[in-house]
Structures are given as structure tokens and as C-alpha cells.
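So the structure is just underneath, and the comments pick up after that.
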Amino acid sequence: MKFKIKTYFWSGLVMGLLSVAMLLAMPSQVRLPMYDSGAPSPRIIPGVCLVGVLICSAALLVQSLVFKKDKIIEFDWKKEKPCIFMIILLCLFTALTINVGFVPAVVVVFPVMLFYCGERKPFIYIFTLVSGIGIFYLFRYVFHVSLPGFPGFGG
């Protein structure tokens with residue numbers, strides 16, 4: 001299945017809507033300090049970035065709708081399916097990391113990625129799993145950054 005996508009129009013529309021949604025959600029997500037220390041608000045940099053995205057999105061929409069300048073690409077589902085599957089696996093990795101922990105996410109998702117990419121050597125699988133567990137302990141005990149773990153692995 002093939003279809004054509006107007007990239008300026010759809011990029012401007014999607015990113016514009018996303019930036020508006022994030023600007024509306026920011027007051028409930030980024031809290032202001034309890035007292036005024038004279039420092040800039042923690043909402044300044046995300047707000048400036050989101051307004052910048054909104055301005056660029058509006059420029060893309062104007063370029064597409066008013067000036068009729070648009071870059072059109074052809075999307076071929078058969079060519080793009082492997083990339084979309086990998087993106088889905090990375091989203092699954094993120095969801096598993098948040099809900100179950102980093103180590104179980106590594107144990108579940110990375111072997112599936114390796115298998116899908118055609119890797120069949122057992123050493124690569126073992127190395128990937130040991131590296132994932134090593135990264136967990138490196139962040140936790142060396143960098144003192146808490147990654148979501150799970151019971152039994154220092155979580």
C-alpha cells in the first residue's frame with residue numbers, strides 16, 4: 001500500500017497541536033517554587049521551546065496552505081514496515097521500563113530486536129543482556145541515578 005504525504009502540512013499540523021497541548025498541560029506538570037528566590041521560573045525554557053515549535057509549525061502551515069509549497073513524499077508500507085516495527089519495540093521498551101523496570105525491559109525487548117535484525121549468535125544475546133544489567137548498576141551505584149529496577153535487582 002502506497003500513499004502520498006504532504007510533509008509541510010502534516011508536520012505543521014501535528015507539531016502545532018502537540019505544542020499547544022503541551023503548553024496547556026505545562027502549568028499542571030511543571031510546578032512553580034513555593035517561594036520566590038528571584039531565579040527564573042522552571043517553566044521558562046520549556047515554554048520558550050514550545051512557543052518556538054508553535055511558530056515554526058505555523059510557518060510550515062502557511063507555506064503549505066497559502067504559498068502552496070510543500071514537499072510530498074511517497075510512503076510505501078512494505079518498505080517502512082521494519083522501521084515501524086522497531087519504533088513499536090522502542091515504545092514497548094519505554095512502557096516496560098516505566099511499569100516493570102529497566103532490567104526486565106532489556107531482557108524482553110533487546111533479544112526480540114536482535115532476532116528481528118537477523119542476529120543468531122548466542123554470545124551477542126548474552127553480551128546485550130549483561131550490558132543492560134551492567135548499565136543498570138552503573139547508573140544506580142556509580143552515577144547515583146535511579147533507574148526503575150525490579151525486586152531482586154536492587155529496584
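Chain identifiers are assigned as A, B, and so on, following the order in which chains appear in the C-alpha cells; residues are numbered from 1 within each chain, and ligands are numbered from 1 in order of appearance.
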
For segment 137-149 of chain A: contacts at 10 Å, only C-alpha atoms, fewer than 5 positions along chain excluded, given as a list of chain:residue names: A:Leu96, A:Thr97, A:Ile98, A:Asn99, A:Val100, A:Gly101, A:Phe102, A:Val103, A:Pro104, A:Ala105, A:Ser131, A:Gly132, A:Gly154, A:Gly155

Residues near Phe110 of chain A, cut-off 9 Å, only C-alpha atoms, skip fewer than 3 positions along chain, as a list in words: Leu89, Phe93, Ala105, Val106, Val107, Met113, Leu114, Phe115, Tyr125, Thr128 and Leu129 of chain A

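Counting only C-alpha atoms, the residue from A:Lys79, A:Pro40, A:Val30, A:Leu61 that sits nearest to Leu13 of chain A is A:Leu61.
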
Taking only C-alpha atoms into account, produce a table as a tab-separated table in which each residue of segment 39-136 of chain A with an atom at most 12 Å from an atom of segment 6-10 of chain A appears once, together with its shortest atom pair and the distance in Å to one decimal, ordered by chain and rising number.
```
residue	atom	partner	partner_atom	distance
A:Cys56	CA	A:Tyr8	CA	10.4
A:Ser57	CA	A:Tyr8	CA	8.5
A:Ala58	CA	A:Phe9	CA	9.6
A:Ala59	CA	A:Tyr8	CA	9.1
A:Leu60	CA	A:Tyr8	CA	5.3
A:Leu61	CA	A:Phe9	CA	5.3
A:Val62	CA	A:Phe9	CA	8.5
A:Gln63	CA	A:Tyr8	CA	7.5
A:Ser64	CA	A:Phe9	CA	5.5
A:Leu65	CA	A:Phe9	CA	7.4
A:Val66	CA	A:Phe9	CA	10.8
A:Phe67	CA	A:Tyr8	CA	11.4
A:Lys68	CA	A:Phe9	CA	9.9
A:Lys69	CA	A:Tyr8	CA	8.2
A:Asp70	CA	A:Tyr8	CA	5.5
A:Lys71	CA	A:Thr7	CA	5.6
A:Ile72	CA	A:Lys6	CA	4.6
A:Ile73	CA	A:Lys6	CA	6.8
A:Glu74	CA	A:Lys6	CA	9.1
A:Phe75	CA	A:Lys6	CA	10.5
```

Written selection (all heavy atoms) as a compact mmCIF listing (two decimals), in the first residue's frame:
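Output file selection-v3.txt is given in full below:
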```
# COMPACT_ATOMS: atom_id res chain seq x y z
N CYS A 56 7.20 27.76 14.34
CA CYS A 56 7.69 27.00 13.18
C CYS A 56 6.57 26.19 12.54
O CYS A 56 6.49 26.08 11.31
CB CYS A 56 8.85 26.10 13.58
SG CYS A 56 10.34 27.00 14.01
N SER A 57 5.69 25.63 13.36
CA SER A 57 4.55 24.88 12.84
C SER A 57 3.62 25.78 12.05
O SER A 57 3.14 25.41 10.97
CB SER A 57 3.78 24.22 13.98
OG SER A 57 4.59 23.31 14.66
N ALA A 58 3.37 26.97 12.57
CA ALA A 58 2.53 27.93 11.86
C ALA A 58 3.18 28.32 10.53
O ALA A 58 2.49 28.44 9.49
CB ALA A 58 2.28 29.17 12.72
N ALA A 59 4.50 28.49 10.52
CA ALA A 59 5.20 28.83 9.28
C ALA A 59 5.07 27.70 8.26
O ALA A 59 4.86 27.96 7.06
CB ALA A 59 6.68 29.12 9.57
N LEU A 60 5.17 26.46 8.70
CA LEU A 60 5.00 25.33 7.78
C LEU A 60 3.58 25.28 7.23
O LEU A 60 3.38 25.02 6.03
CB LEU A 60 5.33 24.02 8.49
CG LEU A 60 6.80 23.70 8.68
CD1 LEU A 60 6.98 22.47 9.56
CD2 LEU A 60 7.49 23.50 7.35
N LEU A 61 2.59 25.53 8.08
CA LEU A 61 1.20 25.52 7.62
C LEU A 61 0.95 26.64 6.62
O LEU A 61 0.27 26.43 5.60
CB LEU A 61 0.24 25.62 8.80
CG LEU A 61 0.10 24.35 9.62
CD1 LEU A 61 -0.71 24.61 10.88
CD2 LEU A 61 -0.53 23.25 8.79
N VAL A 62 1.48 27.82 6.89
CA VAL A 62 1.32 28.94 5.95
C VAL A 62 2.01 28.61 4.63
O VAL A 62 1.45 28.84 3.55
CB VAL A 62 1.89 30.24 6.57
CG1 VAL A 62 2.04 31.33 5.52
CG2 VAL A 62 0.99 30.72 7.69
N GLN A 63 3.19 28.05 4.70
CA GLN A 63 3.92 27.69 3.49
C GLN A 63 3.14 26.67 2.67
O GLN A 63 3.10 26.75 1.44
CB GLN A 63 5.29 27.13 3.88
CG GLN A 63 6.31 27.21 2.80
CD GLN A 63 7.69 26.86 3.33
OE1 GLN A 63 7.86 26.35 4.43
NE2 GLN A 63 8.70 27.14 2.53
N SER A 64 2.49 25.73 3.34
CA SER A 64 1.75 24.69 2.64
C SER A 64 0.41 25.19 2.11
O SER A 64 0.08 24.95 0.95
CB SER A 64 1.51 23.51 3.57
OG SER A 64 0.71 22.54 2.95
N LEU A 65 -0.34 25.89 2.95
CA LEU A 65 -1.71 26.27 2.57
C LEU A 65 -1.78 27.56 1.76
O LEU A 65 -2.57 27.66 0.82
CB LEU A 65 -2.58 26.39 3.82
CG LEU A 65 -2.75 25.09 4.62
CD1 LEU A 65 -3.49 25.36 5.93
CD2 LEU A 65 -3.48 24.04 3.80
N VAL A 66 -0.98 28.55 2.11
CA VAL A 66 -1.05 29.85 1.44
C VAL A 66 -0.16 29.89 0.20
O VAL A 66 -0.61 30.25 -0.89
CB VAL A 66 -0.68 30.99 2.42
CG1 VAL A 66 -0.66 32.33 1.70
CG2 VAL A 66 -1.65 31.02 3.59
N PHE A 67 1.09 29.52 0.35
CA PHE A 67 2.03 29.60 -0.76
C PHE A 67 2.07 28.33 -1.62
O PHE A 67 2.79 28.28 -2.61
CB PHE A 67 3.44 29.92 -0.24
CG PHE A 67 3.53 31.25 0.45
CD1 PHE A 67 3.90 31.33 1.78
CD2 PHE A 67 3.25 32.42 -0.24
CE1 PHE A 67 4.00 32.55 2.41
CE2 PHE A 67 3.34 33.64 0.39
CZ PHE A 67 3.71 33.72 1.72
N LYS A 68 1.32 27.32 -1.24
CA LYS A 68 1.22 26.05 -1.99
C LYS A 68 2.58 25.42 -2.25
O LYS A 68 2.79 24.76 -3.25
CB LYS A 68 0.49 26.26 -3.33
CG LYS A 68 -0.88 26.86 -3.21
CD LYS A 68 -1.85 25.93 -2.57
CE LYS A 68 -3.24 26.54 -2.60
NZ LYS A 68 -4.11 26.04 -1.58
N LYS A 69 3.52 25.66 -1.32
CA LYS A 69 4.82 25.00 -1.39
C LYS A 69 4.80 23.86 -0.39
O LYS A 69 4.57 24.07 0.79
CB LYS A 69 5.94 25.98 -1.06
CG LYS A 69 6.14 27.07 -2.09
CD LYS A 69 7.15 28.08 -1.64
CE LYS A 69 8.54 27.55 -1.81
NZ LYS A 69 9.57 28.53 -1.40
N ASP A 70 5.01 22.68 -0.86
CA ASP A 70 5.00 21.52 0.03
C ASP A 70 5.91 20.45 -0.54
O ASP A 70 6.06 20.34 -1.75
CB ASP A 70 3.58 20.97 0.17
CG ASP A 70 3.30 20.44 1.55
OD1 ASP A 70 4.24 19.90 2.19
OD2 ASP A 70 2.16 20.56 2.01
N LYS A 71 6.51 19.70 0.34
CA LYS A 71 7.33 18.58 -0.09
C LYS A 71 6.47 17.33 0.06
O LYS A 71 5.98 17.03 1.16
CB LYS A 71 8.58 18.48 0.78
CG LYS A 71 9.53 17.40 0.36
CD LYS A 71 10.78 17.42 1.20
CE LYS A 71 11.70 16.29 0.78
NZ LYS A 71 12.85 16.20 1.66
N ILE A 72 6.29 16.62 -1.01
CA ILE A 72 5.43 15.43 -0.99
C ILE A 72 6.32 14.20 -1.08
O ILE A 72 7.18 14.09 -1.96
CB ILE A 72 4.42 15.46 -2.16
CG1 ILE A 72 3.50 16.66 -2.00
CG2 ILE A 72 3.63 14.17 -2.22
CD1 ILE A 72 2.53 16.87 -3.14
N ILE A 73 6.12 13.29 -0.13
CA ILE A 73 6.85 12.03 -0.16
C ILE A 73 5.87 10.89 -0.34
O ILE A 73 4.69 10.99 0.00
CB ILE A 73 7.70 11.79 1.11
CG1 ILE A 73 6.82 11.73 2.35
CG2 ILE A 73 8.77 12.84 1.25
CD1 ILE A 73 7.53 11.20 3.56
N GLU A 74 6.36 9.79 -0.90
CA GLU A 74 5.52 8.61 -1.09
C GLU A 74 5.86 7.61 0.00
O GLU A 74 7.02 7.24 0.17
CB GLU A 74 5.74 8.00 -2.47
CG GLU A 74 4.75 6.92 -2.79
CD GLU A 74 4.86 6.47 -4.23
OE1 GLU A 74 4.19 7.06 -5.08
OE2 GLU A 74 5.63 5.52 -4.47
N PHE A 75 4.85 7.21 0.74
CA PHE A 75 5.01 6.26 1.84
C PHE A 75 4.65 4.88 1.32
O PHE A 75 3.51 4.64 0.93
CB PHE A 75 4.10 6.66 3.01
CG PHE A 75 4.29 5.82 4.23
CD1 PHE A 75 5.25 6.12 5.16
CD2 PHE A 75 3.47 4.72 4.45
CE1 PHE A 75 5.41 5.35 6.29
CE2 PHE A 75 3.63 3.94 5.58
CZ PHE A 75 4.60 4.26 6.49
```

Close residues, Gly47 of chain A itself excluded, 12 Å, only C-alpha atoms, min 3 positions apart in chain, as a ChimeraX atom specification: /A:19-27,30,41-44,50-54

Alpha helix (DSSP H) per DSSP on the backbone: members of chain A, as an MDAnalysis selection string: chainID A and resid 7:29 44:65 77:99 102:116 122:137

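Among the residues of segment 18-146 of chain A, backbone DSSP assigns strand (DSSP E or B) to Ile72, Ile73, Glu74, Phe75 and Asp76 of chain A.
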
Just the selected residues (C-alpha atoms), exported as a PDB file, in the first residue's frame, please.
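See part-v4.pdb below for the written result:
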```
ATOM      1  CA  ILE A  72       5.433  15.431  -0.994  1.00  0.00           C
ATOM      2  CA  ILE A  73       6.855  12.026  -0.164  1.00  0.00           C
ATOM      3  CA  GLU A  74       5.516   8.615  -1.088  1.00  0.00           C
ATOM      4  CA  PHE A  75       5.013   6.262   1.837  1.00  0.00           C
ATOM      5  CA  ASP A  76       5.389   2.595   0.901  1.00  0.00           C
TER       6      ASP A  76
END
```

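Counting only C-alpha atoms and comparing A:Ile87, A:Pro33, A:Glu119, A:Lys78, the residue that lies closest to Phe3 of chain A is A:Lys78.
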
Interatomic distance, atom CA of Val108 of chain A to atom CA of Phe85 of chain A (Å, one decimal): 15.0 Å
